[in-house]
Amino acid sequence: MGKIFITGSADGLGLAAAQNLARAGHDVILHARSRERSKAISSALTGSPRIVIGDLSSADDIQSLVKQVNDIGRMDAIIHNAGVYLQYERGSTIEGHATTLAVNTLAPYMLTALIERPDRLVYLSSGMHRSADSSLADIDWQTRSWQASTAYSESKLHVAALACAVARLWPGTLSNAVDPGWVPTKMGGPNASDNLEMGHQTQVWLAVENDREAMTSGGYWYHRQRQQPSPAVEDVRFQDRLIARLAEMTGVQL
């Protein structure tokens, strides 16, 4: 049985994955943005689940979250599930970053770099990444007019490329990106047309199963089928430029 940490597991796909893994007997470490949000987890899972708390839009909270996870011990797998969707405005974190970039890109990058390296990493991306610009120009939306959909698509390109880069740079760790589909969660909305069950099954499968396909690395997956991502995802030059930019922005080296 594995020890698995899931970010953003107070509801939606993260909670569904946590429930699935817990039923199978795995030791699941859950994450909530605040103590208030953690109460939703406690009421949704039986027993006394371990919950770590931290707001992924805050660099200080991320550092606290890293310490909480590392104090528990080395994880067998980490599922980077947390994310924000269409934000009506750029927003500004304590560090001055756009909220979408901070939560969807900077947070998984920092957590990847700072949490003790697991055997497996799973990053939730989106099919919308294929429409994103790979130039990395004004990545933090400091001069561009805010476009929520574009910002989200770019963040999901970033995280898919990060997954592929980690697979290349850390050959001892299985690292993959997952498109869960447009599923009817709070984020996806009630009109979403994809299968909620399949939406979380792929990350669970990649996190714990030992069949041949699940034991591969550097893939982009949709409903347990390996897909071809945007060319930028597998472009080593783009990966390296992205990682260098994220290191510059966060002060954290991968």
# chains A, B, ... in the order shown; residues from 1 in each chain; ligands from 1

$ residues_around --residues "Val233 (chain A)" --least-positions-apart "3" --cutoff "7 Å" --atoms "only C-alpha atoms" --output "ChimeraX atom specification"
/A:157,160-161,164,229-230

$ residues_around --residues "Ala207 (chain A)" --least-positions-apart "4" --cutoff "8 Å" --atoms "only C-alpha atoms" --output "mmCIF file with C-alpha atoms, in the first residue's frame"
data_model
loop_
_atom_site.group_PDB
_atom_site.id
_atom_site.type_symbol
_atom_site.label_atom_id
_atom_site.label_comp_id
_atom_site.auth_asym_id
_atom_site.auth_seq_id
_atom_site.Cartn_x
_atom_site.Cartn_y
_atom_site.Cartn_z
ATOM 1 C CA ILE A 4 0.012 9.322 -1.548
ATOM 2 C CA ALA A 77 3.276 9.254 -5.118
ATOM 3 C CA ILE A 78 2.107 12.849 -5.355
ATOM 4 C CA ILE A 79 -0.903 13.943 -7.397
ATOM 5 C CA ARG A 120 5.665 8.838 -8.971
ATOM 6 C CA LEU A 121 4.352 12.265 -9.875
ATOM 7 C CA VAL A 122 1.031 13.002 -11.571
ATOM 8 C CA GLN A 203 -4.446 9.757 -11.935
#

$ residues_around --residues "Ala214 (chain A)" --least-positions-apart "5" --cutoff "7 Å" --atoms "only C-alpha atoms" --output "JSON, numbers by chain"
{"A": [205, 206, 209]}

$ write_last_selection --atoms "C-alpha atoms" --output "compact mmCIF listing (two decimals), in the first residue's frame"
# COMPACT_ATOMS: atom_id res chain seq x y z
CA TRP A 205 -4.03 4.39 -11.88
CA LEU A 206 -0.80 6.24 -12.62
CA GLU A 209 -0.84 0.57 -10.31

$ residues_around --residues "Val208 (chain A)" --least-positions-apart "3" --cutoff "12 Å" --atoms "only C-alpha atoms" --output "VMD selection string"
chain A and resid 1 to 5 17 20 to 22 24 to 28 75 to 79 118 to 122 174 201 to 205 211 to 215

$ write_last_selection --atoms "N, CA and C atoms" --output "short mmCIF file (atom, residue, chain, number, x, y, z; two decimals), in the first residue's frame"
data_model
loop_
_atom_site.label_atom_id
_atom_site.label_comp_id
_atom_site.auth_asym_id
_atom_site.auth_seq_id
_atom_site.Cartn_x
_atom_site.Cartn_y
_atom_site.Cartn_z
N MET A 1 0.84 -1.18 0.00
CA MET A 1 0.00 0.00 0.00
C MET A 1 0.88 1.24 0.00
N GLY A 2 0.50 2.23 -0.80
CA GLY A 2 1.33 3.41 -0.96
C GLY A 2 0.90 4.56 -0.07
N LYS A 3 1.82 5.51 0.10
CA LYS A 3 1.56 6.76 0.80
C LYS A 3 1.47 7.84 -0.28
N ILE A 4 0.28 8.43 -0.43
CA ILE A 4 0.01 9.32 -1.55
C ILE A 4 -0.49 10.67 -1.04
N PHE A 5 0.13 11.73 -1.54
CA PHE A 5 -0.27 13.10 -1.22
C PHE A 5 -1.02 13.68 -2.42
N ALA A 17 -10.46 11.10 -6.04
CA ALA A 17 -9.26 10.27 -6.09
C ALA A 17 -8.87 9.80 -4.69
N ASN A 20 -11.19 7.00 -3.55
CA ASN A 20 -10.86 5.77 -4.26
C ASN A 20 -9.63 5.12 -3.66
N LEU A 21 -8.58 5.89 -3.43
CA LEU A 21 -7.33 5.35 -2.90
C LEU A 21 -7.49 4.88 -1.46
N ALA A 22 -8.25 5.63 -0.67
CA ALA A 22 -8.46 5.23 0.73
C ALA A 22 -9.23 3.92 0.81
N ALA A 24 -9.09 1.56 -1.21
CA ALA A 24 -8.17 0.48 -1.61
C ALA A 24 -7.10 0.23 -0.55
N GLY A 25 -7.14 0.99 0.53
CA GLY A 25 -6.23 0.75 1.64
C GLY A 25 -4.96 1.58 1.63
N HIS A 26 -4.85 2.54 0.73
CA HIS A 26 -3.65 3.37 0.68
C HIS A 26 -3.69 4.44 1.76
N ASP A 27 -2.53 4.88 2.16
CA ASP A 27 -2.38 5.95 3.15
C ASP A 27 -2.39 7.27 2.40
N VAL A 28 -3.51 7.97 2.46
CA VAL A 28 -3.69 9.17 1.65
C VAL A 28 -3.54 10.42 2.53
N MET A 75 6.79 10.38 0.34
CA MET A 75 5.60 9.89 -0.34
C MET A 75 5.99 8.88 -1.43
N ASP A 76 5.13 7.91 -1.65
CA ASP A 76 5.31 7.03 -2.80
C ASP A 76 4.85 7.72 -4.08
N ALA A 77 3.80 8.54 -3.96
CA ALA A 77 3.28 9.25 -5.12
C ALA A 77 2.68 10.58 -4.68
N ILE A 78 2.74 11.55 -5.58
CA ILE A 78 2.11 12.85 -5.35
C ILE A 78 1.26 13.17 -6.58
N ILE A 79 0.00 13.52 -6.33
CA ILE A 79 -0.90 13.94 -7.40
C ILE A 79 -1.10 15.45 -7.27
N PRO A 118 9.33 11.68 -4.69
CA PRO A 118 8.58 10.42 -4.61
C PRO A 118 8.93 9.48 -5.77
N ASP A 119 8.32 8.31 -5.77
CA ASP A 119 8.49 7.39 -6.90
C ASP A 119 7.69 7.82 -8.12
N ARG A 120 6.55 8.48 -7.87
CA ARG A 120 5.67 8.84 -8.97
C ARG A 120 5.10 10.24 -8.76
N LEU A 121 4.97 10.95 -9.87
CA LEU A 121 4.35 12.27 -9.88
C LEU A 121 3.28 12.30 -10.96
N VAL A 122 2.14 12.87 -10.62
CA VAL A 122 1.03 13.00 -11.57
C VAL A 122 0.56 14.46 -11.53
N LEU A 174 8.68 8.28 -11.97
CA LEU A 174 7.69 8.24 -13.04
C LEU A 174 6.86 9.51 -12.97
N GLN A 201 -9.99 8.42 -12.38
CA GLN A 201 -9.40 7.09 -12.42
C GLN A 201 -7.98 7.08 -13.00
N THR A 202 -7.71 7.94 -13.96
CA THR A 202 -6.40 7.90 -14.62
C THR A 202 -5.29 8.30 -13.66
N GLN A 203 -5.50 9.37 -12.87
CA GLN A 203 -4.45 9.76 -11.94
C GLN A 203 -4.26 8.73 -10.82
N VAL A 204 -5.35 8.10 -10.40
CA VAL A 204 -5.24 7.03 -9.41
C VAL A 204 -4.42 5.87 -9.98
N TRP A 205 -4.73 5.48 -11.20
CA TRP A 205 -4.03 4.39 -11.88
C TRP A 205 -2.54 4.68 -12.02
N ASP A 211 0.88 -2.17 -13.56
CA ASP A 211 0.88 -2.77 -14.89
C ASP A 211 1.80 -1.97 -15.82
N ARG A 212 2.14 -2.54 -16.93
CA ARG A 212 3.20 -2.01 -17.79
C ARG A 212 2.95 -0.56 -18.21
N GLU A 213 1.73 -0.24 -18.63
CA GLU A 213 1.45 1.10 -19.12
C GLU A 213 1.52 2.14 -18.00
N ALA A 214 1.05 1.77 -16.82
CA ALA A 214 1.08 2.72 -15.70
C ALA A 214 2.50 2.98 -15.20
N MET A 215 3.42 2.11 -15.55
CA MET A 215 4.80 2.25 -15.09
C MET A 215 5.68 2.97 -16.12
#

$ select_by_dssp --residues "region 22-217 of chain A" --states "alpha helix (DSSP H)" --output "MDAnalysis selection string"
chainID A and resid 22:23 35:44 59:72 99:101 107:114 148:169 196:208

$ residues_around --residues "region 55-70 of chain A" --least-positions-apart "6" --cutoff "7 Å" --atoms "only C-alpha atoms" --output "PyMOL selection string"
chain A and resi 33-34+93-94+99+102-103+107+111+114-116

$ write_last_selection --atoms "N, CA and C atoms" --output "JSON list (two decimals), in the first residue's frame"
[["chain", "number", "residue", "atom", "x", "y", "z"],
["A", 33, "ARG", "N", -6.97, 24.24, 1.43],
["A", 33, "ARG", "CA", -6.47, 25.61, 1.37],
["A", 33, "ARG", "C", -6.46, 26.27, 2.75],
["A", 34, "SER", "N", -7.42, 25.90, 3.60],
["A", 34, "SER", "CA", -7.56, 26.54, 4.91],
["A", 34, "SER", "C", -8.14, 25.52, 5.90],
["A", 93, "THR", "N", -1.26, 37.93, -6.01],
["A", 93, "THR", "CA", -0.88, 37.25, -4.78],
["A", 93, "THR", "C", -0.01, 38.18, -3.93],
["A", 94, "ILE", "N", 0.34, 37.72, -2.74],
["A", 94, "ILE", "CA", 1.22, 38.51, -1.88],
["A", 94, "ILE", "C", 2.51, 38.85, -2.59],
["A", 99, "THR", "N", -3.05, 35.18, -10.05],
["A", 99, "THR", "CA", -3.51, 34.03, -9.25],
["A", 99, "THR", "C", -3.46, 32.73, -10.04],
["A", 102, "ALA", "N", 0.08, 31.56, -10.28],
["A", 102, "ALA", "CA", 0.60, 31.16, -8.97],
["A", 102, "ALA", "C", 0.12, 29.78, -8.56],
["A", 103, "VAL", "N", -1.19, 29.54, -8.68],
["A", 103, "VAL", "CA", -1.76, 28.28, -8.21],
["A", 103, "VAL", "C", -1.51, 27.13, -9.18],
["A", 107, "ALA", "N", 2.95, 26.90, -7.99],
["A", 107, "ALA", "CA", 2.80, 26.01, -6.85],
["A", 107, "ALA", "C", 3.26, 24.58, -7.14],
["A", 111, "LEU", "N", 6.41, 22.82, -5.21],
["A", 111, "LEU", "CA", 6.19, 21.58, -4.46],
["A", 111, "LEU", "C", 7.03, 20.45, -5.02],
["A", 114, "LEU", "N", 10.66, 21.01, -3.84],
["A", 114, "LEU", "CA", 10.97, 21.08, -2.41],
["A", 114, "LEU", "C", 10.51, 19.87, -1.60],
["A", 115, "ILE", "N", 9.50, 19.16, -2.05],
["A", 115, "ILE", "CA", 9.07, 17.96, -1.32],
["A", 115, "ILE", "C", 10.02, 16.82, -1.68],
["A", 116, "GLU", "N", 10.33, 16.00, -0.69],
["A", 116, "GLU", "CA", 11.22, 14.86, -0.93],
["A", 116, "GLU", "C", 10.72, 14.07, -2.13]]

$ closest_residue --among "A:Tyr222, A:Arg90, A:Ala177, A:Leu242" --to "Gly199 (chain A)" --atoms "only C-alpha atoms"
A:Tyr222

$ closest_residue --among "A:Arg245, A:Arg50, A:Arg35, A:Arg224" --to "His158 (chain A)" --atoms "only C-alpha atoms"
A:Arg245

$ closest_residue --among "A:Leu13, A:Ala244, A:Val159, A:Val252" --to "Pro108 (chain A)" --atoms "only C-alpha atoms"
A:Val159

$ atom_distance --atom1 "CA of Gly83 (chain A)" --atom2 "CA of Leu124 (chain A)"
8.5 Å

$ closest_residue --among "A:Ile72, A:Leu86, A:Leu162, A:Ile53" --to "Thr112 (chain A)" --atoms "only C-alpha atoms"
A:Leu162
